[in-house]
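Dumped start-v9.txt below, it's compact mmCIF, C-alpha atoms and all ligand atoms:
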```
# COMPACT_ATOMS: atom_id res chain seq x y z
CA VAL M 202 17.16 10.43 38.26
CA LEU M 203 16.50 7.56 40.61
CA THR M 204 17.82 4.37 39.02
CA ALA M 205 14.70 2.51 40.17
CA ASP M 206 12.45 5.04 38.40
CA LEU M 207 14.52 4.73 35.24
CA HIS M 208 14.33 0.92 35.34
CA ALA M 209 10.57 0.93 35.94
CA ALA M 210 10.01 3.40 33.09
CA ALA M 211 12.21 1.38 30.72
CA ASP M 212 10.33 -1.82 31.60
CA LEU M 213 7.05 -0.08 30.81
CA LEU M 214 8.34 1.21 27.45
CA ARG M 215 10.01 -2.06 26.44
CA THR M 216 6.72 -3.92 26.32
CA ALA M 217 4.50 -1.09 25.01
CA ALA M 218 2.92 -1.69 21.60
CA ASP M 219 1.12 1.65 21.29
CA VAL M 220 2.53 4.87 22.77
CA THR M 221 1.11 8.41 22.79
CA LEU M 222 3.72 11.09 23.54
CA LEU M 223 2.65 14.60 24.55
CA GLY M 224 4.55 17.86 24.98
CA HIS M 225 3.32 20.89 26.92
CA VAL M 226 1.15 23.64 25.41
CA ASN M 227 3.00 26.00 23.06
CA PRO M 228 5.71 23.37 22.80
CA ASP M 229 9.33 24.47 22.69
CA ALA M 230 12.24 22.51 21.27
CA ASP M 231 12.69 20.60 24.55
CA ALA M 232 9.04 19.50 24.78
CA LEU M 233 8.62 18.57 21.11
CA GLY M 234 12.20 17.36 20.61
CA SER M 235 11.96 15.08 23.65
CA ALA M 236 8.61 13.64 22.54
CA LEU M 237 9.82 13.06 18.97
CA ALA M 238 13.15 11.54 20.04
CA LEU M 239 11.50 9.03 22.36
CA GLY M 240 8.81 8.36 19.75
CA LEU M 241 11.41 7.68 17.05
CA ALA M 242 13.36 5.39 19.38
CA LEU M 243 10.26 3.36 20.33
CA ARG M 244 9.17 3.15 16.70
CA LYS M 245 12.57 1.59 15.89
CA ARG M 246 11.62 -1.13 18.36
CA GLY M 247 8.37 -1.76 16.52
CA ALA M 248 5.90 0.25 18.60
CA THR M 249 3.10 2.31 17.07
CA VAL M 250 3.73 5.90 18.20
CA ARG M 251 2.15 9.32 17.86
CA VAL M 252 3.23 12.72 19.16
CA SER M 253 0.84 15.55 19.92
CA PHE M 254 0.18 18.74 21.90
CA GLY M 255 -2.19 21.67 21.91
CA PRO M 256 -2.80 24.51 21.68
CA PRO M 257 -1.65 25.50 19.11
CA ALA M 258 -3.10 23.18 16.47
CA GLU M 259 0.00 23.16 14.27
CA VAL M 260 3.72 22.55 14.76
CA PRO M 261 5.44 25.96 15.10
CA ASP M 262 7.39 26.69 11.88
CA SER M 263 10.76 26.80 13.63
CA LEU M 264 10.25 23.26 15.01
CA ARG M 265 9.09 21.61 11.76
CA CYS M 266 12.65 20.48 11.04
CA LEU M 267 12.40 18.13 14.04
CA ASP M 268 9.63 16.02 12.50
CA PRO M 269 10.58 15.02 8.94
CA ALA M 270 8.99 11.59 9.58
CA GLY M 271 5.61 13.14 10.40
CA LEU M 272 5.04 11.63 13.87
CA VAL M 273 2.98 14.62 15.01
CA VAL M 274 -0.79 14.18 14.81
CA PRO M 275 -3.50 16.78 15.55
CA ALA M 276 -4.71 16.77 19.16
CA ALA M 277 -8.14 15.67 17.90
CA ASP M 278 -6.61 12.44 16.54
CA VAL M 279 -5.20 11.35 19.90
CA PRO M 280 -7.15 8.28 21.14
CA ALA M 281 -9.74 8.98 23.83
CA ALA M 282 -8.16 6.36 26.10
CA PRO M 283 -4.49 5.80 25.15
CA GLU M 284 -2.82 2.56 26.31
CA LEU M 285 0.34 4.34 27.40
CA LEU M 286 0.70 8.11 27.66
CA VAL M 287 4.13 9.72 27.99
CA ALA M 288 4.05 13.39 29.07
CA LEU M 289 7.27 15.29 28.38
CA ASP M 290 8.52 18.61 29.82
CA ALA M 291 5.12 19.28 31.44
CA GLY M 292 5.20 19.98 35.19
CA SER M 293 1.49 19.37 35.69
CA ALA M 294 -1.42 17.76 33.86
CA ALA M 295 -2.84 21.24 33.18
CA ARG M 296 0.27 22.06 31.09
CA LEU M 297 -0.99 19.46 28.59
CA GLY M 298 -3.76 21.88 27.60
CA TRP M 299 -6.32 20.33 25.24
CA LEU M 300 -4.98 16.86 26.11
CA ALA M 301 -4.91 17.21 29.90
CA ASP M 302 -7.93 14.92 30.24
CA ARG M 303 -5.96 11.96 28.76
CA VAL M 304 -4.01 11.74 32.03
CA GLY M 305 -7.20 10.37 33.57
CA THR M 306 -8.25 8.13 30.66
CA SER M 307 -4.92 6.42 29.83
CA GLY M 308 -3.94 2.95 31.02
CA GLN M 309 -0.50 4.07 32.22
CA VAL M 310 1.04 7.54 32.39
CA LEU M 311 4.82 8.05 32.31
CA VAL M 312 5.93 11.58 33.25
CA VAL M 313 9.39 12.64 32.00
CA ASP M 314 10.23 16.14 33.22
CA HIS M 315 12.76 18.47 34.84
CA HIS M 316 10.51 21.08 36.49
CA ALA M 317 11.10 21.52 40.24
CA SER M 318 7.34 22.08 40.58
CA ASN M 319 6.43 18.72 38.99
CA THR M 320 3.25 17.44 40.61
CA ARG M 321 3.97 13.74 39.87
CA TYR M 322 0.66 13.19 38.11
CA GLY M 323 1.59 9.90 36.42
CA THR M 324 1.78 6.22 37.28
CA HIS M 325 5.54 6.24 36.51
CA HIS M 326 7.99 9.15 36.83
CA VAL M 327 11.38 10.06 35.44
CA VAL M 328 11.55 13.47 37.07
CA ASP M 329 14.81 15.23 37.93
CA ASP M 330 15.03 18.97 38.45
CA THR M 331 18.82 18.88 38.22
CA ALA M 332 18.58 17.85 34.56
CA GLU M 333 19.25 20.82 32.30
CA ALA M 334 16.59 19.67 29.82
CA THR M 335 13.95 16.94 29.54
CA ALA M 336 15.98 15.81 26.50
CA VAL M 337 18.74 14.64 28.88
CA LEU M 338 16.24 12.40 30.70
CA VAL M 339 14.98 11.01 27.40
CA LEU M 340 18.57 10.18 26.43
CA ALA M 341 18.98 8.31 29.73
CA LEU M 342 15.80 6.34 28.93
CA ILE M 343 16.93 5.53 25.38
CA ASP M 344 20.28 4.32 26.77
CA GLU M 345 18.49 2.24 29.40
CA LEU M 346 16.41 0.65 26.62
CA GLY M 347 19.59 -0.06 24.65
CA ILE M 348 18.29 1.68 21.53
CA PRO M 349 21.12 3.13 19.41
CA LEU M 350 21.03 6.85 18.55
CA ASP M 351 20.56 7.88 14.94
CA PRO M 352 20.78 11.34 13.32
CA ASP M 353 17.00 11.99 13.61
CA ILE M 354 16.92 11.14 17.33
CA ALA M 355 20.15 13.04 18.00
CA ARG M 356 18.84 16.15 16.22
CA CYS M 357 15.70 16.24 18.40
CA LEU M 358 17.66 15.79 21.63
CA TYR M 359 20.32 18.34 20.68
CA ALA M 360 17.56 20.88 19.90
CA GLY M 361 16.12 20.52 23.41
CA LEU M 362 19.52 20.64 25.08
CA MET M 363 20.64 23.70 23.11
CA THR M 364 17.51 25.75 23.71
CA ASP M 365 16.91 24.83 27.36
CA THR M 366 20.48 25.74 28.33
CA GLY M 367 20.13 29.11 26.59
CA SER M 368 22.46 28.05 23.77
CA PHE M 369 24.80 26.45 26.31
CA ARG M 370 25.01 29.56 28.53
CA ARG M 371 24.05 27.35 31.48
CA ALA M 372 26.09 24.34 30.39
CA THR M 373 28.24 22.17 32.63
CA SER M 374 30.95 19.80 31.51
CA ALA M 375 28.31 17.06 31.50
CA THR M 376 26.12 19.16 29.17
CA HIS M 377 28.97 19.48 26.69
CA ARG M 378 29.72 15.75 26.91
CA THR M 379 26.08 15.00 26.12
CA ALA M 380 26.15 17.52 23.28
CA ALA M 381 29.33 15.92 21.89
CA ARG M 382 27.65 12.51 21.89
CA LEU M 383 24.65 13.89 20.03
CA VAL M 384 26.85 15.61 17.43
CA GLU M 385 28.80 12.36 16.95
CA ALA M 386 25.46 10.63 16.40
CA GLY M 387 24.58 13.06 13.63
CA ALA M 388 23.10 16.26 15.10
CA GLU M 389 24.32 19.27 13.10
CA PRO M 390 24.80 22.31 15.38
CA ALA M 391 25.09 24.92 12.63
CA VAL M 392 22.03 23.65 10.77
CA LEU M 393 19.94 23.48 13.95
CA ALA M 394 21.05 26.91 15.18
CA ARG M 395 20.00 28.37 11.85
CA GLU M 396 16.64 26.56 11.74
CA LEU M 397 15.69 27.06 15.39
CA MET M 398 17.15 30.48 16.17
CA ASP M 399 18.20 32.44 13.09
CA ALA M 400 15.00 31.99 11.13
CA HIS M 401 12.91 35.04 11.94
CA PRO M 402 11.02 36.65 9.03
CA PHE M 403 11.94 40.23 8.18
CA ALA M 404 8.68 41.41 9.86
CA TRP M 405 10.38 40.52 13.15
CA LEU M 406 12.48 43.69 12.91
CA PRO M 407 9.72 46.34 12.80
CA MET M 408 7.91 44.49 15.63
CA LEU M 409 11.13 44.57 17.70
CA ALA M 410 11.65 48.24 16.91
CA ARG M 411 8.22 49.10 18.34
CA VAL M 412 8.38 46.85 21.37
CA LEU M 413 12.04 47.46 22.30
CA GLY M 414 11.55 51.18 21.70
CA ARG M 415 9.29 51.38 24.71
CA ALA M 416 11.22 49.04 26.99
CA GLU M 417 11.79 50.52 30.43
CA LEU M 418 14.65 50.11 32.87
CA GLU M 419 13.90 50.39 36.56
CA GLN M 420 17.38 50.54 38.07
CA ALA M 421 16.54 49.35 41.59
CA ALA M 422 13.28 47.44 41.25
CA VAL M 423 14.73 44.04 42.19
CA GLY M 424 16.21 44.46 45.66
CA GLY M 425 18.53 47.19 44.37
CA ARG M 426 19.08 45.60 40.98
CA GLY M 427 17.51 46.29 37.62
CA LEU M 428 14.21 45.25 36.06
CA VAL M 429 13.83 45.67 32.29
CA HIS M 430 10.30 45.26 30.98
CA THR M 431 8.04 45.86 28.03
CA ALA M 432 4.55 44.96 26.82
CA VAL M 433 3.55 43.47 23.47
CA THR M 434 -0.03 44.38 22.52
CA MET M 435 -2.28 42.49 20.15
CA ALA M 436 -1.63 45.28 17.62
CA ASP M 437 2.14 44.69 17.88
CA MET M 438 1.58 41.02 17.15
CA THR M 439 -0.42 41.40 13.94
CA GLY M 440 1.47 39.90 11.04
CA VAL M 441 4.09 38.16 13.17
CA ARG M 442 4.10 34.68 14.65
CA LEU M 443 4.16 33.98 18.38
CA GLU M 444 7.73 32.72 17.88
CA GLU M 445 8.83 36.25 16.95
CA VAL M 446 7.29 37.67 20.11
CA GLU M 447 8.83 35.01 22.32
CA SER M 448 12.32 36.17 21.42
CA VAL M 449 11.77 39.62 22.98
CA VAL M 450 12.39 38.62 26.60
CA ASP M 451 15.80 37.19 25.78
CA ILE M 452 16.81 40.47 24.15
CA LEU M 453 15.77 42.45 27.26
CA ARG M 454 17.66 39.96 29.42
CA ALA M 455 20.84 40.52 27.41
CA THR M 456 21.24 44.05 28.81
CA SER M 457 23.80 44.31 31.61
CA GLU M 458 21.35 46.29 33.77
CA ALA M 459 18.76 43.51 33.77
CA GLU M 460 18.80 41.26 36.80
CA VAL M 461 15.25 40.37 35.80
CA ALA M 462 13.55 40.79 32.40
CA LEU M 463 9.76 40.81 32.01
CA VAL M 464 7.68 40.75 28.83
CA ILE M 465 3.90 40.66 28.91
CA LYS M 466 2.10 39.58 25.75
CA GLU M 467 -1.56 40.36 25.10
CA MET M 468 -3.01 37.03 23.93
CA ALA M 469 -6.64 38.26 23.98
CA PRO M 470 -8.05 41.65 24.97
CA GLY M 471 -7.00 42.17 28.60
CA GLU M 472 -5.42 38.69 28.85
CA TRP M 473 -1.66 38.64 29.30
CA SER M 474 0.94 35.93 29.07
CA GLY M 475 4.02 36.93 31.05
CA SER M 476 7.61 35.74 30.54
CA LEU M 477 10.19 36.25 33.28
CA ARG M 478 13.94 35.72 32.99
CA ALA M 479 16.58 36.12 35.69
CA LYS M 480 20.37 36.25 35.48
CA SER M 481 21.44 34.32 38.58
CA ALA M 482 20.48 35.86 41.91
CA VAL M 483 16.69 35.91 41.81
CA ASP M 484 14.26 32.97 41.64
CA VAL M 485 11.59 34.07 39.14
CA ARG M 486 9.71 30.78 39.50
CA VAL M 487 8.48 32.03 42.86
CA VAL M 488 7.33 35.30 41.27
CA ALA M 489 5.56 33.44 38.44
CA ALA M 490 3.93 31.14 40.99
CA GLY M 491 2.67 34.23 42.83
CA MET M 492 1.06 35.30 39.53
CA GLY M 493 -0.56 31.88 39.09
CA GLY M 494 2.11 30.36 36.81
CA GLY M 495 5.34 28.45 37.24
CA GLY M 496 8.57 27.41 35.55
CA HIS M 497 12.24 27.34 36.54
CA ARG M 498 14.39 29.57 38.72
CA LEU M 499 15.83 31.50 35.79
CA ALA M 500 12.91 31.23 33.33
CA ALA M 501 9.26 31.25 34.31
CA GLY M 502 5.89 32.38 33.06
CA PHE M 503 2.27 33.06 33.92
CA THR M 504 -1.10 34.02 32.43
CA THR M 505 -3.28 36.71 34.01
CA THR M 506 -5.84 39.42 33.25
CA GLY M 507 -5.99 43.19 33.74
CA THR M 508 -4.41 46.25 32.17
CA ALA M 509 -0.75 46.13 31.17
CA GLU M 510 0.02 48.62 33.93
CA ASP M 511 -1.77 46.45 36.53
CA VAL M 512 0.15 43.35 35.57
CA VAL M 513 3.54 45.08 35.67
CA ASN M 514 2.65 46.67 39.00
CA ARG M 515 1.81 43.30 40.51
CA VAL M 516 5.05 41.73 39.32
CA ARG M 517 7.04 44.78 40.51
CA GLU M 518 5.43 44.50 43.93
CA MET M 519 6.53 40.87 44.18
CA LEU M 520 10.07 41.77 43.10
CA ARG M 521 10.46 44.45 45.77
CA GLN M 522 11.57 41.77 48.19
CA PRO M 523 12.91 39.37 45.61
CA PRO M 524 13.03 35.63 46.28
CA VAL M 525 16.77 35.05 46.31
CA ILE M 526 18.40 31.89 45.02
CA ALA M 527 20.14 30.32 48.01
CA SER M 528 23.30 29.18 46.32
CA GLN M 529 24.58 31.78 43.88
CA ALA M 530 27.37 29.45 42.85
CA PRO M 531 27.08 28.55 39.16
CA ARG M 532 24.75 25.62 38.86
CA THR M 533 22.92 24.01 35.98
CA ARG M 534 19.54 25.56 35.61
CA SER M 535 17.18 25.25 32.82
CA ARG M 536 14.84 27.17 30.70
CA SER M 537 11.44 25.96 29.54
P1 LIG S 1 8.25 31.24 28.48
O1 LIG S 1 8.57 32.57 29.08
O2 LIG S 1 9.34 30.73 27.59
O3 LIG S 1 6.90 31.19 27.88
O4 LIG S 1 8.17 30.24 29.71
C1 LIG S 1 9.29 29.95 30.49
C2 LIG S 1 8.98 28.76 31.35
O5 LIG S 1 8.02 29.14 32.33
C3 LIG S 1 8.32 27.62 30.60
O6 LIG S 1 9.23 26.73 30.09
C4 LIG S 1 7.48 26.97 31.66
O7 LIG S 1 8.28 26.12 32.44
C5 LIG S 1 7.06 28.12 32.51
N1 LIG S 1 5.74 28.69 32.20
C6 LIG S 1 5.44 29.61 31.26
N2 LIG S 1 4.15 29.93 31.28
C7 LIG S 1 3.59 29.21 32.28
C8 LIG S 1 2.27 29.11 32.81
O8 LIG S 1 1.32 29.77 32.38
N3 LIG S 1 2.09 28.23 33.84
C9 LIG S 1 3.13 27.49 34.34
N4 LIG S 1 2.87 26.64 35.35
N5 LIG S 1 4.37 27.58 33.87
C10 LIG S 1 4.61 28.41 32.87
MN MN S 2 9.53 23.54 27.84
MN MN S 3 12.47 21.82 29.36
```

Give the structure from the file, written as structure tokens.
Ligand code: 5GP
Ligand code: MN
Ligand code: MN
Amino acid sequence: VLTADLHAAADLLRTAADVTLLGHVNPDADALGSALALGLALRKRGATVRVSFGPPAEVPDSLRCLDPAGLVVPAADVPAAPELLVALDAGSAARLGWLADRVGTSGQVLVVDHHASNTRYGTHHVVDDTAEATAVLVLALIDELGIPLDPDIARCLYAGLMTDTGSFRRATSATHRTAARLVEAGAEPAVLARELMDAHPFAWLPMLARVLGRAELEQAAVGGRGLVHTAVTMADMTGVRLEEVESVVDILRATSEAEVALVIKEMAPGEWSGSLRAKSAVDVRVVAAGMGGGGHRLAAGFTTTGTAEDVVNRVREMLRQPPVIASQAPRTRSRS
């Protein structure tokens, strides 16, 4: 992050009396954890804070453990014209979903994000695409403000760091140093891993059996390397939460044949949400952008319409001459 940006953002936050913090639609642990951590820190300094997002209308079950203090309010309760808006882990105003309009109605807008595609839609920016998670940027802000960490803040930041690095698969020495600091401040790795990752209901298993049972491997679809893909229909999703379905792409990705994994999820009849994951050589953000979405080099997504076959065909076509990541040397890259 540019030191000047960090200073300007800290100055803005230091004097703010009322702060609205927003995560992206379908918030993950980095979006919600970052918003809650900064909200908790500012509340310690006496500010009135609220955290929100939408859709969906409710905090996903697996993320409830991040908000024991109840900082999250329904999107409908967010003021029409907030004094200070802080957008976290959202690369564009559109990623704020139901609350995207507040970018235009707020007094000041601070954008804290690590997406390479960030459109710099705020009045102040702490944007760094080399950060492995937005949580890391929030920690830098909290340090700049001189607010001490506590277990509740540390838990939220650790959750974002853990999930965005793929459970530390993409960690550097700096990631582990940050993680160590957060654990020393009271984050409990075993408790968080259980609550955030090992908390699927039993109904997850029959859904996986159906969806994984029809996964396909195309050995040479990605410039000679493998594509593993499957589709999740609305019927497959009945009785399971979106969180269960979101785990599927990471299972496909865990096969050695998969250079790229693709899961398309039918959110409404004929409307598909696609998740792309890459191992190291291919930049799936470019593919997702070609489908009208975005994301990171190794984790990206899109929303589109058509038949399942159509959608897979279009992605396959774009992968035929795959956008290669220039440096294949190990480098911190982030999810979500
Ligand atoms: P996921 O597959 O976990 O839903 O998404 C992976 C990442 O891709 C997200 O963290 C986000 O950065 C990006 N992403 C997913 N869906 C969309 C989308 O519809 N539009 C854009 N711009 N980015 C998306
Ligand atoms: Mn995210
Ligand atoms: Mn993130």

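Once all atoms listed in the file are used for the distance check, the residues close to ligand MN 3 (chain S) at 9 Å turn out to be Asp229, Ala230, Asp231, Ala232, Ser235, Leu289, Asp290, Ala291, Asp314, His315, His316, Ala332, Glu333, Ala334, Thr335, Ala336, Gly361, Leu362, Thr364, Asp365, Thr366, Ser535, Arg536 and Ser537 of chain M.
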
Report task. List the neighbours of Leu453 in chain M out to 10 Å using only C-alpha atoms; skip same-chain residues closer than 6 positions along the sequence, and give me the result as a ChimeraX atom specification. Result -> /M:413,416-418,428-431,459,461-464,478

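The gap separating CA of His325 in chain M from CA of Ala205 in chain M is 10.5 Å, in Å to one decimal.
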
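Between atom C9 of ligand LIG 1 (chain S) and CA of Gly507 in chain M the interatomic distance comes to 18.2 Å.
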
Query raised in the report: What is the CA of Ala490 in chain M-CA of Glu518 in chain M distance in Å, reported with one decimal?
Result: 13.8 Å

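For ligand LIG 1 (chain S), the set of protein, DNA and RNA residues within 8 Å, based on only C-alpha atoms and all ligand atoms, reads Asp229, Asp290, Ala291, Gly292, Ser293, Arg296, His316, Glu447, Val450, Ser474, Gly475, Ser476, Leu477, Arg478, Arg486, Ala489, Ala490, Gly493, Gly494, Gly495, Gly496, His497, Ala500, Ala501, Gly502, Phe503, Thr504, Arg536 and Ser537 of chain M.
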
Completion step: range 217-228 of chain M with N, CA and C atoms as a JSON list (two decimals), in the coordinates of the input:
```
[["chain", "number", "residue", "atom", "x", "y", "z"],
["M", 217, "ALA", "N", 5.64, -1.86, 25.53],
["M", 217, "ALA", "CA", 4.50, -1.09, 25.01],
["M", 217, "ALA", "C", 4.37, -1.24, 23.50],
["M", 218, "ALA", "N", 3.17, -1.53, 23.03],
["M", 218, "ALA", "CA", 2.92, -1.69, 21.60],
["M", 218, "ALA", "C", 2.40, -0.40, 20.98],
["M", 219, "ASP", "N", 1.76, 0.43, 21.80],
["M", 219, "ASP", "CA", 1.12, 1.65, 21.29],
["M", 219, "ASP", "C", 1.38, 2.78, 22.29],
["M", 220, "VAL", "N", 2.09, 3.82, 21.85],
["M", 220, "VAL", "CA", 2.53, 4.87, 22.77],
["M", 220, "VAL", "C", 2.13, 6.25, 22.24],
["M", 221, "THR", "N", 1.49, 7.04, 23.11],
["M", 221, "THR", "CA", 1.11, 8.41, 22.79],
["M", 221, "THR", "C", 2.02, 9.35, 23.58],
["M", 222, "LEU", "N", 2.76, 10.21, 22.87],
["M", 222, "LEU", "CA", 3.72, 11.09, 23.54],
["M", 222, "LEU", "C", 3.25, 12.54, 23.42],
["M", 223, "LEU", "N", 3.16, 13.22, 24.55],
["M", 223, "LEU", "CA", 2.65, 14.60, 24.55],
["M", 223, "LEU", "C", 3.67, 15.59, 25.10],
["M", 224, "GLY", "N", 3.76, 16.74, 24.45],
["M", 224, "GLY", "CA", 4.55, 17.86, 24.98],
["M", 224, "GLY", "C", 3.61, 18.88, 25.58],
["M", 225, "HIS", "N", 4.17, 19.86, 26.30],
["M", 225, "HIS", "CA", 3.32, 20.89, 26.92],
["M", 225, "HIS", "C", 2.74, 21.86, 25.88],
["M", 226, "VAL", "N", 1.76, 22.63, 26.29],
["M", 226, "VAL", "CA", 1.15, 23.64, 25.41],
["M", 226, "VAL", "C", 2.22, 24.60, 24.90],
["M", 227, "ASN", "N", 1.99, 25.16, 23.71],
["M", 227, "ASN", "CA", 3.00, 26.00, 23.06],
["M", 227, "ASN", "C", 4.36, 25.34, 23.17],
["M", 228, "PRO", "N", 4.49, 24.15, 22.59],
["M", 228, "PRO", "CA", 5.71, 23.37, 22.80],
["M", 228, "PRO", "C", 6.95, 24.11, 22.33]]
```
